[in-house]
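J.: Sharing a structure, written as structure tokens. Questions coming.
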Amino acid sequence: MVVYGAIVLSLVGLILGLSYVLGQRHKERATGEPYEGGIVSAGGARMRFSSQFYLVAMLFVIFDVEVVFILSWAIAFRELGWYGYAGVAVFIVMLVVVLVYEWRNGALDFGPDGSKILAAYKRIMQKPVA
């Protein structure tokens with residue numbers, strides 16, 4: 001292991017050394033600026049996001065991890081038998097309960113209320129056309 005570690009470290013040192021010796025050195029105006037895909041950057045990178053954005057991200061992670069568990073259960077379905085089936089059924093029921101809870105608390109409400117949109121549409125449609 002010590003010989004292997006020494007070989008790895010010497011290769012890393014060799015690659016970094018060759019990069020320093022053979023690499024280009026230039027100081028142009030755009031060298032110190034962050035790369036923005038060819039677009040000249042304007043303003044700062046600090047931007048405020050709504051807390052709703054982070055809530056959606058957390059819900060995505062939760063339900064994405066859930067897919068990994070259910071997929072692994074599906075792969076080992078025959079070995080787990082009814083015991084595994086009961087376990088995944090309880091898991092899915094818990095996820096549905098959490099989803100209903102989040103829905104009732106308004107975690108999935110992103111835009112205006114649907115009744116407000118319909119009321120505005122009815123007001124527009126009731127105006128006489130001149």
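Each chain in the structure tokens gets a letter, A, B and so on, in the order shown; residues start at 1 in every chain, and ligands are counted from 1 in the order they appear.
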Give me the residues within 8 Å of region 102-111 of chain A as a ChimeraX atom specification, counting only C-alpha atoms and dropping any in the same chain fewer than 2 places off.

T.: /A:52,55-56,98-100,113

J.: Just to be explicit: take each residue in the selection above, keep all heavy atoms, and write the result as a PDB file, in the first residue's frame.

T.:
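Full text of part21.pdb as output:
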```
ATOM      1  N   GLN A  52     -40.628  29.019  -0.896  1.00  0.00           N
ATOM      2  CA  GLN A  52     -41.367  27.983  -1.619  1.00  0.00           C
ATOM      3  C   GLN A  52     -40.417  27.154  -2.490  1.00  0.00           C
ATOM      4  O   GLN A  52     -40.597  25.955  -2.661  1.00  0.00           O
ATOM      5  CB  GLN A  52     -42.441  28.650  -2.484  1.00  0.00           C
ATOM      6  CG  GLN A  52     -43.520  27.729  -2.940  1.00  0.00           C
ATOM      7  CD  GLN A  52     -44.485  27.397  -1.820  1.00  0.00           C
ATOM      8  OE1 GLN A  52     -44.553  28.081  -0.817  1.00  0.00           O
ATOM      9  NE2 GLN A  52     -45.225  26.337  -1.985  1.00  0.00           N
ATOM     10  N   LEU A  55     -38.791  24.602  -0.311  1.00  0.00           N
ATOM     11  CA  LEU A  55     -39.768  23.593   0.073  1.00  0.00           C
ATOM     12  C   LEU A  55     -39.980  22.591  -1.058  1.00  0.00           C
ATOM     13  O   LEU A  55     -40.028  21.383  -0.832  1.00  0.00           O
ATOM     14  CB  LEU A  55     -41.088  24.256   0.451  1.00  0.00           C
ATOM     15  CG  LEU A  55     -42.166  23.337   0.999  1.00  0.00           C
ATOM     16  CD1 LEU A  55     -41.683  22.678   2.279  1.00  0.00           C
ATOM     17  CD2 LEU A  55     -43.422  24.119   1.259  1.00  0.00           C
ATOM     18  N   VAL A  56     -40.063  23.096  -2.282  1.00  0.00           N
ATOM     19  CA  VAL A  56     -40.205  22.206  -3.440  1.00  0.00           C
ATOM     20  C   VAL A  56     -38.965  21.326  -3.569  1.00  0.00           C
ATOM     21  O   VAL A  56     -39.063  20.132  -3.847  1.00  0.00           O
ATOM     22  CB  VAL A  56     -40.443  23.025  -4.719  1.00  0.00           C
ATOM     23  CG1 VAL A  56     -40.349  22.148  -5.949  1.00  0.00           C
ATOM     24  CG2 VAL A  56     -41.790  23.703  -4.670  1.00  0.00           C
ATOM     25  N   VAL A  98     -48.072  11.790   4.421  1.00  0.00           N
ATOM     26  CA  VAL A  98     -47.227  12.985   4.383  1.00  0.00           C
ATOM     27  C   VAL A  98     -47.621  13.885   3.224  1.00  0.00           C
ATOM     28  O   VAL A  98     -47.684  15.118   3.373  1.00  0.00           O
ATOM     29  CB  VAL A  98     -45.736  12.592   4.303  1.00  0.00           C
ATOM     30  CG1 VAL A  98     -44.865  13.789   3.995  1.00  0.00           C
ATOM     31  CG2 VAL A  98     -45.294  11.942   5.591  1.00  0.00           C
ATOM     32  N   LEU A  99     -47.904  13.307   2.074  1.00  0.00           N
ATOM     33  CA  LEU A  99     -48.304  14.105   0.916  1.00  0.00           C
ATOM     34  C   LEU A  99     -49.618  14.833   1.176  1.00  0.00           C
ATOM     35  O   LEU A  99     -49.752  16.021   0.864  1.00  0.00           O
ATOM     36  CB  LEU A  99     -48.434  13.210  -0.321  1.00  0.00           C
ATOM     37  CG  LEU A  99     -48.787  13.908  -1.623  1.00  0.00           C
ATOM     38  CD1 LEU A  99     -47.697  14.899  -2.004  1.00  0.00           C
ATOM     39  CD2 LEU A  99     -49.005  12.907  -2.726  1.00  0.00           C
ATOM     40  N   VAL A 100     -50.589  14.148   1.782  1.00  0.00           N
ATOM     41  CA  VAL A 100     -51.867  14.793   2.116  1.00  0.00           C
ATOM     42  C   VAL A 100     -51.645  15.902   3.140  1.00  0.00           C
ATOM     43  O   VAL A 100     -52.221  16.991   3.034  1.00  0.00           O
ATOM     44  CB  VAL A 100     -52.882  13.740   2.620  1.00  0.00           C
ATOM     45  CG1 VAL A 100     -54.104  14.398   3.226  1.00  0.00           C
ATOM     46  CG2 VAL A 100     -53.272  12.814   1.490  1.00  0.00           C
ATOM     47  N   ASP A 113     -54.987  31.232  -6.164  1.00  0.00           N
ATOM     48  CA  ASP A 113     -56.060  30.269  -5.914  1.00  0.00           C
ATOM     49  C   ASP A 113     -56.914  30.113  -7.170  1.00  0.00           C
ATOM     50  O   ASP A 113     -57.189  31.082  -7.877  1.00  0.00           O
ATOM     51  CB  ASP A 113     -56.910  30.750  -4.739  1.00  0.00           C
ATOM     52  CG  ASP A 113     -57.875  29.692  -4.271  1.00  0.00           C
ATOM     53  OD1 ASP A 113     -57.683  28.518  -4.624  1.00  0.00           O
ATOM     54  OD2 ASP A 113     -58.818  30.045  -3.549  1.00  0.00           O
TER      55      ASP A 113
END
```

J.: For CA of Gly87 (chain A) and CA of Leu71 (chain A), determine how far apart the two atoms are, in Å to one decimal place.

T.: 13.4 Å

J.: Quick one: residues within 12 Å of region 60-67 of chain A, only C-alpha atoms, excluding same-chain residues fewer than 2 positions away - as a list in words?

T.: Phe53, Tyr54, Leu55, Val56, Ala57, Met58, Phe69, Ile70, Leu71, Ser72, Trp73, Ala74, Val88, Phe91, Ile92, Val93, Met94, Leu95, Val96, Val98, Leu99 and Leu108 of chain A

J.: So the first atom is CA of Ser10 (chain A) and the second is CA of Leu22 (chain A); what is the distance between them in Å, to one decimal place?

T.: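 One can read the CA of Ser10 (chain A) to CA of Leu22 (chain A) distance as 17.8 Å.
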
J.: To one decimal in Å, tell me the separation between CA of Gly5 (chain A) and CA of Val21 (chain A).

T.: 24.2 Å
